file final-v5.cif (mmCIF, C-alpha atoms)
data_target
loop_
_atom_site.group_PDB
_atom_site.id
_atom_site.type_symbol
_atom_site.label_atom_id
_atom_site.label_comp_id
_atom_site.auth_asym_id
_atom_site.auth_seq_id
_atom_site.Cartn_x
_atom_site.Cartn_y
_atom_site.Cartn_z
ATOM 1 C CA MET A 142 165.495 103.875 14.748
ATOM 2 C CA LYS A 143 166.302 100.962 17.021
ATOM 3 C CA ASN A 144 167.532 103.385 19.699
ATOM 4 C CA LEU A 145 164.307 105.382 19.437
ATOM 5 C CA GLY A 146 162.269 102.243 20.141
ATOM 6 C CA ILE A 147 164.385 101.486 23.210
ATOM 7 C CA LEU A 148 163.993 105.061 24.447
ATOM 8 C CA ILE A 149 160.207 104.893 24.063
ATOM 9 C CA VAL A 150 160.053 101.632 26.000
ATOM 10 C CA LEU A 151 162.293 103.030 28.761
ATOM 11 C CA PHE A 152 160.209 106.194 28.956
ATOM 12 C CA ALA A 153 156.989 104.175 29.217
ATOM 13 C CA LEU A 154 158.423 101.982 31.994
ATOM 14 C CA THR A 155 159.721 105.012 33.888
ATOM 15 C CA SER A 156 156.353 106.766 33.626
ATOM 16 C CA PHE A 157 154.554 103.673 34.875
ATOM 17 C CA THR A 158 156.922 103.383 37.841
ATOM 18 C CA PHE A 159 156.416 107.011 38.838
ATOM 19 C CA ASN A 160 152.633 106.764 38.554
ATOM 20 C CA THR A 161 152.523 103.609 40.652
ATOM 21 C CA SER A 162 154.601 105.133 43.453
ATOM 22 C CA ASN A 163 152.511 108.310 43.498
ATOM 23 C CA ASP A 164 149.279 106.303 43.793
ATOM 24 C CA SER A 165 150.494 104.516 46.908
ATOM 25 C CA LYS A 166 151.935 107.627 48.581
ATOM 26 C CA GLY A 167 149.894 108.465 51.654
ATOM 27 C CA VAL A 168 147.872 105.246 51.479
ATOM 28 C CA LYS A 169 148.157 102.546 54.115
ATOM 29 C CA THR A 170 146.656 99.053 54.295
ATOM 30 C CA ILE A 171 145.860 97.425 57.621
ATOM 31 C CA LYS A 172 144.116 94.268 58.810
ATOM 32 C CA VAL A 173 141.898 94.535 61.862
ATOM 33 C CA LEU A 174 140.477 91.600 63.798
ATOM 34 C CA THR A 175 136.747 92.100 64.388
ATOM 35 C CA SER A 176 133.991 90.377 66.325
ATOM 36 C CA ALA A 177 131.848 89.935 63.184
ATOM 37 C CA VAL A 178 129.945 86.645 62.997
ATOM 38 C CA CYS A 179 127.871 86.595 59.815
ATOM 39 C CA GLY A 180 127.141 87.936 56.370
ATOM 40 C CA GLU A 181 125.042 90.774 57.780
ATOM 41 C CA CYS A 182 127.989 91.835 59.933
ATOM 42 C CA LYS A 183 130.212 91.736 56.843
ATOM 43 C CA GLU A 184 127.809 93.908 54.843
ATOM 44 C CA ARG A 185 127.387 96.361 57.714
ATOM 45 C CA ILE A 186 131.125 96.785 58.364
ATOM 46 C CA GLU A 187 132.118 97.001 54.694
ATOM 47 C CA LYS A 188 129.342 99.488 53.901
ATOM 48 C CA GLU A 189 130.221 101.775 56.809
ATOM 49 C CA LEU A 190 133.942 101.704 56.073
ATOM 50 C CA ASN A 191 133.569 102.100 52.313
ATOM 51 C CA TYR A 192 131.414 105.210 52.874
ATOM 52 C CA THR A 193 133.926 106.688 55.316
ATOM 53 C CA LYS A 194 135.879 109.616 53.882
ATOM 54 C CA GLY A 195 139.462 108.557 53.280
ATOM 55 C CA VAL A 196 138.788 104.833 52.967
ATOM 56 C CA VAL A 197 139.825 103.530 49.564
ATOM 57 C CA PHE A 198 138.820 99.903 50.079
ATOM 58 C CA ALA A 199 137.451 97.687 52.851
ATOM 59 C CA GLU A 200 136.679 93.974 52.785
ATOM 60 C CA LEU A 201 135.921 91.581 55.636
ATOM 61 C CA ASP A 202 137.007 87.943 55.531
ATOM 62 C CA LEU A 203 134.426 86.153 57.673
ATOM 63 C CA GLU A 204 136.591 83.063 58.009
ATOM 64 C CA THR A 205 139.394 84.970 59.758
ATOM 65 C CA LYS A 206 137.150 87.826 60.982
ATOM 66 C CA GLU A 207 139.776 90.255 59.669
ATOM 67 C CA VAL A 208 138.809 93.341 57.759
ATOM 68 C CA THR A 209 141.381 94.650 55.298
ATOM 69 C CA VAL A 210 141.214 98.418 55.051
ATOM 70 C CA LYS A 211 143.132 100.581 52.604
ATOM 71 C CA TYR A 212 142.908 104.236 53.595
ATOM 72 C CA LYS A 213 144.431 107.645 52.953
ATOM 73 C CA THR A 214 146.642 108.677 55.855
ATOM 74 C CA LYS A 215 145.867 112.334 55.113
ATOM 75 C CA HIS A 216 142.244 111.750 56.182
ATOM 76 C CA LEU A 217 142.394 108.891 58.684
ATOM 77 C CA SER A 218 144.624 107.149 61.179
ATOM 78 C CA GLU A 219 144.622 103.475 62.094
ATOM 79 C CA LYS A 220 142.990 104.418 65.399
ATOM 80 C CA GLN A 221 140.173 106.252 63.586
ATOM 81 C CA VAL A 222 139.545 103.259 61.300
ATOM 82 C CA LYS A 223 139.187 101.057 64.391
ATOM 83 C CA GLU A 224 136.883 103.630 65.998
ATOM 84 C CA VAL A 225 134.574 103.481 62.950
ATOM 85 C CA ILE A 226 134.289 99.697 63.366
ATOM 86 C CA ALA A 227 133.773 100.001 67.129
ATOM 87 C CA GLY A 228 131.153 102.689 66.537
ATOM 88 C CA ILE A 229 128.997 100.221 64.604
ATOM 89 C CA GLY A 230 129.102 97.775 67.513
ATOM 90 C CA TYR A 231 132.051 95.483 66.777
ATOM 91 C CA ASP A 232 135.382 94.963 68.498
ATOM 92 C CA ALA A 233 138.245 96.202 66.325
ATOM 93 C CA GLY A 234 141.541 94.794 67.518
ATOM 94 C CA GLU A 235 142.225 96.264 70.936
ATOM 95 C CA THR A 236 139.470 98.872 70.449
ATOM 96 C CA LYS A 237 136.331 97.684 72.230
ATOM 97 C CA ARG A 238 132.909 97.976 70.645
ATOM 98 C CA ASN A 239 130.419 100.721 71.433
ATOM 99 C CA GLU A 240 127.917 98.930 73.701
ATOM 100 C CA GLU A 241 124.966 101.081 72.674
ATOM 101 C CA ALA A 242 125.595 100.326 68.994
ATOM 102 C CA PHE A 243 126.174 96.640 69.794
ATOM 103 C CA ASN A 244 122.793 96.423 71.534
ATOM 104 C CA LYS A 245 121.105 97.791 68.380
ATOM 105 C CA LEU A 246 122.560 95.015 66.191
ATOM 106 C CA PRO A 247 120.289 92.091 65.263
ATOM 107 C CA LYS A 248 120.372 89.387 67.952
ATOM 108 C CA CYS A 249 122.200 86.920 65.727
ATOM 109 C CA CYS A 250 124.979 89.474 65.191
ATOM 110 C CA GLN A 251 125.376 89.770 68.948
ATOM 111 C CA SER A 252 125.989 86.046 69.413
ATOM 112 C CA ALA A 253 129.264 84.179 69.235
ATOM 113 C CA GLY A 254 127.636 81.622 66.923
ATOM 114 C CA HIS A 255 126.700 82.064 63.305
ATOM 115 C CA CYS A 256 123.524 83.730 62.129
ATOM 116 C CA SER A 257 120.847 81.624 60.605
ATOM 117 C CA ARG A 258 120.555 84.418 57.981
ATOM 118 C CA ASP A 259 123.869 83.560 56.250
#
call {"tool": "encode", "arguments": {"input": "final-v5.cif", "output": "structure tokens"}}
result
Amino acid sequence: MKNLGILIVLFALTSFTFNTSNDSKGVKTIKVLTSAVCGECKERIEKELNYTKGVVFAELDLETKEVTVKYKTKHLSEKQVKEVIAGIGYDAGETKRNEEAFNKLPKCCQSAGHCSRD
């Protein structure tokens, strides 16, 4: 009976290990430096990324201006993630912003300072 209990525990641990490794297969997490300046920028970037097919999770840290993106490599590449950010009007690492999209951002989001809307 004691051996049966040990076997059940070992089986449960093995199953958990396999499930965890399968969940992370084909998923990559990156951090991208952006030119975001305020809470509106944060909302805009997170919303766009989180509605992008293949993105599992996206969150922008305004203090560091880095967006953490977890995405499925089957659907997206790191370059494509950066292009999504640039397409909304923000620099994304070495990928420069789309100027037309940048010009459509609220004026405070175009400035190097902080928005008064925070």
call {"tool": "atom_distance", "arguments": {"input": "final-v5.cif", "atom1": "CA of Glu240 (chain A)", "atom2": "CA of Glu219 (chain A)"}}
result
20.8 Å
call {"tool": "atom_distance", "arguments": {"input": "final-v5.cif", "atom1": "CA of Ile229 (chain A)", "atom2": "CA of Arg185 (chain A)"}}
result
8.1 Å
call {"tool": "residues_around", "arguments": {"input": "final-v5.cif", "residues": "Glu241 (chain A)", "least_positions_apart": "2", "cutoff": "12 Å", "atoms": "all atoms listed in the file", "output": "PyMOL selection string"}}
result
chain A and resi 227-231+237-239+243-246+251
call {"tool": "atom_distance", "arguments": {"input": "final-v5.cif", "atom1": "CA of Lys169 (chain A)", "atom2": "CA of Glu235 (chain A)"}}
result
18.9 Å
call {"tool": "residues_around", "arguments": {"input": "final-v5.cif", "residues": "Leu174 (chain A)", "least_positions_apart": "2", "cutoff": "6 Å", "atoms": "only C-alpha atoms", "output": "number ranges by chain"}}
result
A: 206-207, 233-234
call {"tool": "closest_residue", "arguments": {"input": "final-v5.cif", "among": "A:Lys248, A:Tyr212, A:Leu217, A:Ile226", "to": "Ser176 (chain A)", "atoms": "all atoms listed in the file"}}
result
A:Ile226
